[in-house]
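Source file: work-v3.txt; contents: compact mmCIF, C-alpha atoms.
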# COMPACT_ATOMS: atom_id res chain seq x y z
CA MET A 1 154.40 253.80 120.49
CA THR A 2 155.92 256.18 117.95
CA LYS A 3 159.47 255.17 118.88
CA LYS A 4 158.56 251.49 118.57
CA PHE A 5 157.01 252.09 115.15
CA PHE A 6 160.13 253.88 113.85
CA ALA A 7 162.37 251.15 115.26
CA ILE A 8 160.39 248.47 113.41
CA LEU A 9 160.43 250.58 110.21
CA ILE A 10 164.21 251.07 110.36
CA ALA A 11 164.77 247.36 111.03
CA THR A 12 162.57 246.44 108.04
CA ILE A 13 164.46 248.81 105.73
CA MET A 14 167.81 247.42 106.91
CA CYS A 15 166.66 243.83 106.32
CA PHE A 16 165.44 244.72 102.80
CA ALA A 17 168.72 246.48 101.95
CA PHE A 18 170.70 243.46 103.22
CA ALA A 19 168.56 241.08 101.15
CA VAL A 20 169.16 243.17 98.00
CA SER A 21 172.90 243.27 98.71
CA VAL A 22 173.07 239.51 99.18
CA SER A 23 171.15 238.81 95.96
CA ALA A 24 173.42 241.18 93.99
CA ASP A 25 176.54 239.47 95.33
CA ASP A 26 175.10 235.97 95.15
CA PHE A 27 177.29 235.00 92.19
CA GLN A 28 180.76 233.98 93.29
CA GLN A 29 183.56 234.72 90.86
CA VAL A 30 185.75 231.75 89.95
CA GLU A 31 189.23 231.51 88.51
CA ARG A 32 189.48 230.61 84.84
CA THR A 33 191.04 227.18 84.32
CA LEU A 34 190.14 226.71 80.64
CA PRO A 35 192.18 228.24 77.79
CA LEU A 36 190.86 231.23 75.87
CA VAL A 37 190.16 228.96 72.89
CA VAL A 38 188.01 225.90 73.62
CA ASP A 39 187.28 223.71 70.56
CA ASN A 40 184.69 221.29 71.91
CA ALA A 41 183.21 220.86 68.40
CA ASP A 42 186.63 219.71 67.15
CA ILE A 43 186.53 221.85 64.00
CA LEU A 44 189.96 223.47 64.42
CA SER A 45 193.29 221.93 63.59
CA GLU A 46 195.74 221.70 66.46
CA SER A 47 198.00 224.34 64.94
CA LEU A 48 195.09 226.74 64.28
CA GLU A 49 193.74 226.29 67.80
CA GLU A 50 197.17 227.06 69.21
CA SER A 51 197.69 230.17 67.05
CA LEU A 52 194.22 231.52 67.86
CA ASN A 53 194.81 230.97 71.57
CA GLU A 54 198.12 232.84 71.35
CA ARG A 55 196.39 235.78 69.68
CA CYS A 56 193.65 235.77 72.32
CA GLU A 57 196.22 235.76 75.11
CA ALA A 58 198.23 238.59 73.51
CA ILE A 59 195.18 240.82 72.89
CA SER A 60 193.79 240.12 76.37
CA ALA A 61 197.08 241.00 78.08
CA GLU A 62 197.73 244.12 76.01
CA TYR A 63 194.29 245.67 76.49
CA GLU A 64 193.34 244.02 79.81
CA MET A 65 190.16 242.63 78.28
CA GLU A 66 189.76 238.86 77.90
CA ILE A 67 188.82 237.79 74.37
CA ALA A 68 187.75 234.15 74.02
CA ILE A 69 186.55 231.64 71.40
CA VAL A 70 184.43 228.53 72.03
CA THR A 71 183.01 225.93 69.64
CA VAL A 72 180.37 223.36 70.64
CA ASN A 73 178.11 220.77 69.07
CA ASP A 74 175.08 221.61 71.24
CA PHE A 75 173.94 224.16 73.80
CA ASP A 76 172.79 221.74 76.51
CA GLY A 77 169.14 222.67 76.02
CA LYS A 78 169.80 226.42 76.32
CA THR A 79 169.59 229.18 73.76
CA SER A 80 172.90 230.11 72.16
CA GLN A 81 172.94 233.43 74.04
CA SER A 82 172.21 231.82 77.42
CA PHE A 83 174.88 229.20 76.81
CA ALA A 84 177.45 231.88 75.93
CA ASP A 85 176.58 233.90 79.06
CA ASP A 86 176.78 230.88 81.37
CA PHE A 87 179.98 229.57 79.81
CA TYR A 88 181.53 232.98 80.42
CA ASP A 89 180.30 233.32 84.01
CA TYR A 90 180.75 229.83 85.39
CA ASN A 91 184.15 229.19 83.79
CA GLY A 92 185.73 232.35 85.18
CA TYR A 93 186.24 234.34 81.99
CA GLY A 94 186.92 238.08 82.18
CA TRP A 95 189.77 240.38 83.15
CA GLY A 96 190.16 242.01 86.56
CA GLU A 97 187.62 242.62 89.30
CA ASN A 98 184.79 243.35 86.85
CA ASP A 99 185.51 240.35 84.60
CA ASP A 100 185.83 242.55 81.51
CA GLY A 101 185.75 240.73 78.21
CA MET A 102 184.03 239.21 75.19
CA LEU A 103 183.44 235.58 74.20
CA VAL A 104 182.10 234.06 70.98
CA VAL A 105 180.42 230.64 70.84
CA TYR A 106 179.87 228.88 67.52
CA LYS A 107 177.89 225.72 66.77
CA PRO A 108 178.46 224.33 63.25
CA GLY A 109 175.63 222.76 61.24
CA THR A 110 173.74 222.78 57.96
CA ASP A 111 172.03 225.81 56.40
CA GLY A 112 169.63 227.34 58.89
CA ASN A 113 171.05 225.32 61.79
CA ARG A 114 174.37 227.07 62.35
CA GLU A 115 174.36 229.29 65.42
CA ILE A 116 176.70 231.93 66.76
CA ALA A 117 176.47 234.02 69.93
CA ILE A 118 178.72 236.70 71.34
CA THR A 119 178.52 237.69 75.00
CA THR A 120 180.17 240.70 76.62
CA HIS A 121 180.58 241.71 80.26
CA GLY A 122 182.02 244.55 82.33
CA GLU A 123 183.88 247.07 80.20
CA GLY A 124 183.30 244.72 77.30
CA ASP A 125 179.67 245.92 77.22
CA SER A 126 180.68 249.52 76.48
CA VAL A 127 183.52 248.70 74.06
CA PHE A 128 181.64 246.01 72.13
CA PHE A 129 178.12 247.40 72.09
CA GLU A 130 175.32 245.73 70.14
CA GLY A 131 176.06 247.46 66.82
CA ILE A 132 179.72 246.42 66.96
CA VAL A 133 178.84 242.84 67.91
CA ASN A 134 176.35 242.51 65.05
CA GLY A 135 178.96 243.93 62.68
CA ILE A 136 181.46 241.28 63.81
CA ILE A 137 178.89 238.53 63.26
CA ASP A 138 178.04 239.94 59.81
CA GLU A 139 181.68 239.60 58.75
CA MET A 140 182.05 236.10 60.21
CA VAL A 141 178.96 234.52 58.62
CA ASP A 142 180.26 233.88 55.07
CA PRO A 143 183.61 232.35 56.16
CA LEU A 144 181.76 230.15 58.67
CA ILE A 145 179.41 228.93 55.94
CA ASP A 146 182.49 228.12 53.83
CA GLU A 147 184.04 226.39 56.88
CA ASP A 148 187.00 228.75 56.62
CA TYR A 149 187.41 228.85 60.39
CA GLU A 150 190.85 230.43 60.28
CA LYS A 151 189.47 233.45 58.41
CA ALA A 152 186.28 233.65 60.48
CA PHE A 153 187.92 233.65 63.91
CA ASN A 154 190.76 235.91 62.82
CA ILE A 155 188.11 238.40 61.65
CA TYR A 156 186.67 238.21 65.17
CA LEU A 157 190.09 238.88 66.70
CA ASP A 158 190.95 241.61 64.18
CA ARG A 159 187.73 243.46 64.96
CA ALA A 160 188.24 243.00 68.71
CA GLU A 161 191.73 244.47 68.49
CA GLN A 162 190.50 247.28 66.24
CA GLU A 163 187.85 248.34 68.75
CA LEU A 164 190.25 248.13 71.69
CA LYS A 165 192.95 250.29 70.13
CA PRO A 166 192.86 253.86 71.45
CA GLY A 167 191.59 256.32 68.87
CA ILE A 168 193.03 259.70 67.89
CA PRO A 169 192.27 262.31 70.59
CA PHE A 170 189.54 264.73 69.51
CA MET A 171 191.83 267.79 69.76
CA TRP A 172 194.37 266.26 67.38
CA LEU A 173 191.57 265.22 65.03
CA PHE A 174 190.25 268.79 65.03
CA ILE A 175 193.73 270.21 64.32
CA LEU A 176 194.23 267.76 61.44
CA MET A 177 190.85 268.75 59.96
CA ILE A 178 191.75 272.47 60.10
CA PHE A 179 195.19 271.78 58.62
CA GLY A 180 193.66 269.76 55.79
CA ALA A 181 191.10 272.48 55.05
CA VAL A 182 193.81 275.17 54.86
CA ILE A 183 195.97 273.05 52.53
CA GLY A 184 192.93 272.35 50.35
CA ILE A 185 192.08 276.06 50.05
CA LEU A 186 195.68 276.93 49.12
CA VAL A 187 195.80 274.21 46.44
CA VAL A 188 192.46 275.25 44.91
CA ASN A 189 193.46 278.93 44.85
CA SER A 190 196.74 278.02 43.15
CA MET A 191 194.88 276.04 40.47
CA ILE A 192 192.39 278.86 39.89
CA SER A 193 195.14 281.45 39.47
CA LYS A 194 196.78 279.38 36.70
CA ASN A 195 193.59 278.96 34.64
CA LYS A 196 193.11 281.18 31.60
CA THR A 197 189.85 283.04 31.25
CA ILE A 198 187.58 281.37 28.71
CA VAL A 199 184.64 283.21 27.19
CA ALA A 200 181.54 281.04 27.39
CA GLN A 201 179.92 280.28 24.03
CA LYS A 202 176.15 279.96 23.74
CA ASN A 203 176.23 278.02 20.46
CA ALA A 204 178.08 274.68 20.51
CA LYS A 205 178.18 274.52 16.70
CA ILE A 206 181.27 276.71 16.60
CA TYR A 207 183.27 273.76 18.01
CA THR A 208 182.28 271.39 15.16
CA ARG A 209 183.79 271.04 11.67
CA GLN A 210 181.19 270.91 8.93
CA GLY A 211 181.10 267.58 7.09
CA SER A 212 183.60 265.88 9.41
CA MET A 213 181.15 263.12 10.38
CA ALA A 214 178.27 261.51 8.54
CA VAL A 215 175.94 258.87 10.02
CA THR A 216 174.60 256.66 7.23
CA GLY A 217 172.52 254.33 9.40
CA SER A 218 172.06 252.94 12.90
CA THR A 219 170.13 250.17 14.62
CA ASP A 220 169.80 248.55 18.06
CA THR A 221 169.51 244.77 18.17
CA PHE A 222 168.43 243.00 21.36
CA LEU A 223 170.22 239.67 21.68
CA TYR A 224 169.20 237.93 24.94
CA SER A 225 169.17 238.24 28.71
CA THR A 226 169.83 235.76 31.52
CA VAL A 227 168.31 236.07 34.99
CA ARG A 228 169.53 233.85 37.81
CA VAL A 229 167.48 233.62 40.97
CA GLN A 230 169.18 232.40 44.14
CA PRO A 231 167.23 232.31 47.41
CA LYS A 232 168.80 234.26 50.24
CA PRO A 233 169.68 232.08 53.25
CA GLN A 234 167.24 232.58 56.12
CA GLN A 235 168.71 234.18 59.22
CA SER A 236 167.30 235.01 62.63
CA SER A 237 169.05 237.13 65.20
CA SER A 238 168.64 238.72 68.61
CA GLY A 239 170.72 240.93 70.86
CA GLY A 240 170.88 243.62 73.52
CA THR A 241 171.60 243.92 77.23
CA HIS A 242 170.20 241.08 79.31
CA THR A 243 170.64 239.22 82.60
CA SER A 244 172.20 235.75 82.63
CA SER A 245 171.21 232.86 84.91
CA SER A 246 173.95 233.98 87.32
CA GLY A 247 172.15 237.30 87.77
CA ARG A 248 174.91 239.28 86.06
CA SER A 249 174.34 241.78 83.24
CA HIS A 250 175.63 240.87 79.79
CA GLY A 251 175.59 242.44 76.36
CA GLY A 252 175.95 240.72 73.00
CA ALA A 253 173.99 239.23 70.14
CA SER A 254 173.20 235.86 68.57
CA ARG A 255 172.24 234.57 65.15
CA ARG A 256 171.04 231.41 63.43
CA PHE A 257 171.98 231.01 59.76

Show me the file's structure as structure tokens.
Amino acid sequence: MTKKFFAILIATIMCFAFAVSVSADDFQQVERTLPLVVDNADILSESLEESLNERCEAISAEYEMEIAIVTVNDFDGKTSQSFADDFYDYNGYGWGENDDGMLVVYKPGTDGNREIAITTHGEGDSVFFEGIVNGIIDEMVDPLIDEDYEKAFNIYLDRAEQELKPGIPFMWLFILMIFGAVIGILVVNSMISKNKTIVAQKNAKIYTRQGSMAVTGSTDTFLYSTVRVQPKPQQSSSGGTHTSSSGRSHGGASRRF
């Protein structure tokens, strides 16, 4: 009886483990067939679209992290973040086995109806964490409002490249800090040694010349003031790690402005 019980228990555990494994691997990776810049909203000139795509390809190849740009006129009934996640997953975006990368989706519109979402996956989650993504969106908002799409999307690519570039190793940074401190101390000591000793005076009147200045009258006249009040555009945003409809984990953030 005991052996039978343990056999059933082991079989149950194995079935549960298999079910979890199948659900985790349920999403099938696909090859990307679309370019890294997809202008479905038709807001980019042909030359700009081509130059942005070239930059995306160059950055992606150099850092092995796919960086993509998408524009749309609607989100097919989804939220901007869900649309960005699904567009990334089901169109095969991402570099290598883990599909590392970042993708921005922008929907143009009037004030309060523009929407932008950035999704990250794989190593993209750790490189472009939520604070970085929100910072990128912050810098893109004003150019997008001005419809300066060249500036907006180049800001996105500049920031992506900036975050992907390897930083200065900590040891070298420490050595540079020590070197700078030593140089600073030497310079300050040199300046101090050249200063002449000055006896402090308690009475400032000794530095003035009697009768050298006479104030015959003074007045303050208030002319006018102008106050301009301009309402701040309303914005709503969201972000953080989440699970897409494919079951995969994504990072990122979205905003309506």

### Task
Identify which of the residues A:Ile185, A:Ile116, A:Val104, A:Leu48 lies closest to Tyr156 of chain A, counting only C-alpha atoms when measuring atom-to-atom distances.
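Smallest separation from Tyr156 of chain A among the options: A:Val104.
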
### Message
Can you pull out the residues contacting Arg114 of chain A? Cut-off 10 Å, using only C-alpha atoms, and skip same-chain residues under 4 positions away; I want them as JSON, numbers by chain.
### Response
{"A": [73, 106, 107, 108, 109, 110, 141, 144, 145, 235, 255, 256, 257]}

### Query
Which residues come within 10 Å of Phe129 of chain A, counting only C-alpha atoms, excluding same-chain residues fewer than 3 positions away, as a count of residues only?
14

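With distances restricted to all atoms listed in the file, A:Leu44 is the closest residue to Glu147 of chain A from A:Leu34, A:Ile69, A:Ile183, A:Leu44.
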
### Shortest interatomic distance to Asp74 of chain A - which of A:Asn98, A:Cys56, A:Glu115, A:Tyr90, counting only C-alpha atoms
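Looking only at the distances to Asp74 of chain A, the closest residue turns out to be A:Glu115.
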
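Nearest to Met102 of chain A of all the residues A:Asp148, A:Glu31, A:Glu50, A:Glu161 is A:Glu161, counting all atoms listed in the file.
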
### Message
For a quick check of understanding, using only C-alpha atoms, which of A:Ser51, A:Gln162, A:Gln81, A:Gln28 has the smallest distance to Ser246 of chain A?
### Response
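Smallest separation from Ser246 of chain A among the options: A:Gln28.
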
### Query
Contacts of Leu157 of chain A at 10 Å or less, counting all atoms listed in the file, minus same-chain residues fewer than 4 places along, as number ranges by chain?
A: 52, 55-56, 59, 67-69, 136, 151-153, 161-163

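Restricting the calculation to all atoms listed in the file, the smallest distance between Gly96 of chain A and any of A:Leu36, A:Ala41, A:Met65, A:Met140 is found for A:Met65.
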
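From atom CA of Arg248 of chain A back to atom CA of Val70 of chain A, the distance works out to 20.1 Å.
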
Please fill the gaps in segment 242-253 of chain A so it has all heavy atoms, and write that as a PDB file, keeping the file's coordinate frame.
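As a result, rebuild01.pdb now contains:
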ATOM      1  N   HIS A 242     171.079 242.049  78.660  1.00  0.00           N
ATOM      2  CA  HIS A 242     170.200 241.080  79.310  1.00  0.00           C
ATOM      3  C   HIS A 242     170.869 240.559  80.575  1.00  0.00           C
ATOM      4  O   HIS A 242     172.036 240.823  80.828  1.00  0.00           O
ATOM      5  CB  HIS A 242     169.888 239.926  78.362  1.00  0.00           C
ATOM      6  CG  HIS A 242     171.108 239.289  77.782  1.00  0.00           C
ATOM      7  ND1 HIS A 242     171.795 239.818  76.699  1.00  0.00           N
ATOM      8  CD2 HIS A 242     171.822 238.199  78.163  1.00  0.00           C
ATOM      9  CE1 HIS A 242     172.842 239.075  76.429  1.00  0.00           C
ATOM     10  NE2 HIS A 242     172.900 238.088  77.306  1.00  0.00           N
ATOM     11  N   THR A 243     170.117 239.803  81.362  1.00  0.00           N
ATOM     12  CA  THR A 243     170.640 239.220  82.600  1.00  0.00           C
ATOM     13  C   THR A 243     170.775 237.714  82.435  1.00  0.00           C
ATOM     14  O   THR A 243     169.848 237.043  81.989  1.00  0.00           O
ATOM     15  CB  THR A 243     169.692 239.512  83.789  1.00  0.00           C
ATOM     16  OG1 THR A 243     169.549 240.933  83.914  1.00  0.00           O
ATOM     17  CG2 THR A 243     170.255 238.957  85.084  1.00  0.00           C
ATOM     18  N   SER A 244     171.947 237.186  82.775  1.00  0.00           N
ATOM     19  CA  SER A 244     172.200 235.750  82.630  1.00  0.00           C
ATOM     20  C   SER A 244     171.634 235.001  83.831  1.00  0.00           C
ATOM     21  O   SER A 244     171.114 235.602  84.784  1.00  0.00           O
ATOM     22  CB  SER A 244     173.710 235.497  82.523  1.00  0.00           C
ATOM     23  OG  SER A 244     174.343 235.786  83.758  1.00  0.00           O
ATOM     24  N   SER A 245     171.739 233.675  83.810  1.00  0.00           N
ATOM     25  CA  SER A 245     171.210 232.860  84.910  1.00  0.00           C
ATOM     26  C   SER A 245     171.964 233.099  86.211  1.00  0.00           C
ATOM     27  O   SER A 245     171.463 232.806  87.292  1.00  0.00           O
ATOM     28  CB  SER A 245     171.284 231.378  84.538  1.00  0.00           C
ATOM     29  OG  SER A 245     172.637 230.960  84.420  1.00  0.00           O
ATOM     30  N   SER A 246     173.168 233.682  86.116  1.00  0.00           N
ATOM     31  CA  SER A 246     173.950 233.980  87.320  1.00  0.00           C
ATOM     32  C   SER A 246     173.485 235.286  87.977  1.00  0.00           C
ATOM     33  O   SER A 246     173.905 235.621  89.080  1.00  0.00           O
ATOM     34  CB  SER A 246     175.430 234.116  86.967  1.00  0.00           C
ATOM     35  OG  SER A 246     175.663 235.291  86.203  1.00  0.00           O
ATOM     36  N   GLY A 247     172.621 236.026  87.260  1.00  0.00           N
ATOM     37  CA  GLY A 247     172.150 237.300  87.770  1.00  0.00           C
ATOM     38  C   GLY A 247     172.997 238.477  87.328  1.00  0.00           C
ATOM     39  O   GLY A 247     172.728 239.618  87.705  1.00  0.00           O
ATOM     40  N   ARG A 248     174.030 238.209  86.512  1.00  0.00           N
ATOM     41  CA  ARG A 248     174.910 239.280  86.060  1.00  0.00           C
ATOM     42  C   ARG A 248     174.431 239.835  84.716  1.00  0.00           C
ATOM     43  O   ARG A 248     173.832 239.129  83.911  1.00  0.00           O
ATOM     44  CB  ARG A 248     176.352 238.783  85.940  1.00  0.00           C
ATOM     45  CG  ARG A 248     176.912 238.233  87.230  1.00  0.00           C
ATOM     46  CD  ARG A 248     178.421 238.306  87.282  1.00  0.00           C
ATOM     47  NE  ARG A 248     179.069 237.590  86.212  1.00  0.00           N
ATOM     48  CZ  ARG A 248     180.397 237.565  86.046  1.00  0.00           C
ATOM     49  NH1 ARG A 248     181.184 238.220  86.882  1.00  0.00           N
ATOM     50  NH2 ARG A 248     180.940 236.884  85.061  1.00  0.00           N
ATOM     51  N   SER A 249     174.727 241.110  84.483  1.00  0.00           N
ATOM     52  CA  SER A 249     174.340 241.780  83.240  1.00  0.00           C
ATOM     53  C   SER A 249     175.334 241.460  82.134  1.00  0.00           C
ATOM     54  O   SER A 249     176.535 241.492  82.347  1.00  0.00           O
ATOM     55  CB  SER A 249     174.257 243.288  83.468  1.00  0.00           C
ATOM     56  OG  SER A 249     173.995 243.955  82.237  1.00  0.00           O
ATOM     57  N   HIS A 250     174.810 241.155  80.971  1.00  0.00           N
ATOM     58  CA  HIS A 250     175.630 240.870  79.790  1.00  0.00           C
ATOM     59  C   HIS A 250     175.098 241.638  78.592  1.00  0.00           C
ATOM     60  O   HIS A 250     173.908 241.954  78.512  1.00  0.00           O
ATOM     61  CB  HIS A 250     175.593 239.372  79.428  1.00  0.00           C
ATOM     62  CG  HIS A 250     176.434 238.519  80.315  1.00  0.00           C
ATOM     63  ND1 HIS A 250     177.692 238.095  79.957  1.00  0.00           N
ATOM     64  CD2 HIS A 250     176.195 237.999  81.548  1.00  0.00           C
ATOM     65  CE1 HIS A 250     178.205 237.346  80.929  1.00  0.00           C
ATOM     66  NE2 HIS A 250     177.305 237.269  81.905  1.00  0.00           N
ATOM     67  N   GLY A 251     175.985 241.925  77.660  1.00  0.00           N
ATOM     68  CA  GLY A 251     175.590 242.440  76.360  1.00  0.00           C
ATOM     69  C   GLY A 251     175.875 241.359  75.320  1.00  0.00           C
ATOM     70  O   GLY A 251     176.324 240.269  75.653  1.00  0.00           O
ATOM     71  N   GLY A 252     175.626 241.690  74.047  1.00  0.00           N
ATOM     72  CA  GLY A 252     175.950 240.720  73.000  1.00  0.00           C
ATOM     73  C   GLY A 252     174.837 240.553  72.000  1.00  0.00           C
ATOM     74  O   GLY A 252     173.865 241.322  71.963  1.00  0.00           O
ATOM     75  N   ALA A 253     174.979 239.533  71.177  1.00  0.00           N
ATOM     76  CA  ALA A 253     173.990 239.230  70.140  1.00  0.00           C
ATOM     77  C   ALA A 253     174.174 237.792  69.704  1.00  0.00           C
ATOM     78  O   ALA A 253     175.225 237.192  69.921  1.00  0.00           O
ATOM     79  CB  ALA A 253     174.133 240.183  68.958  1.00  0.00           C
TER      80      ALA A 253
END
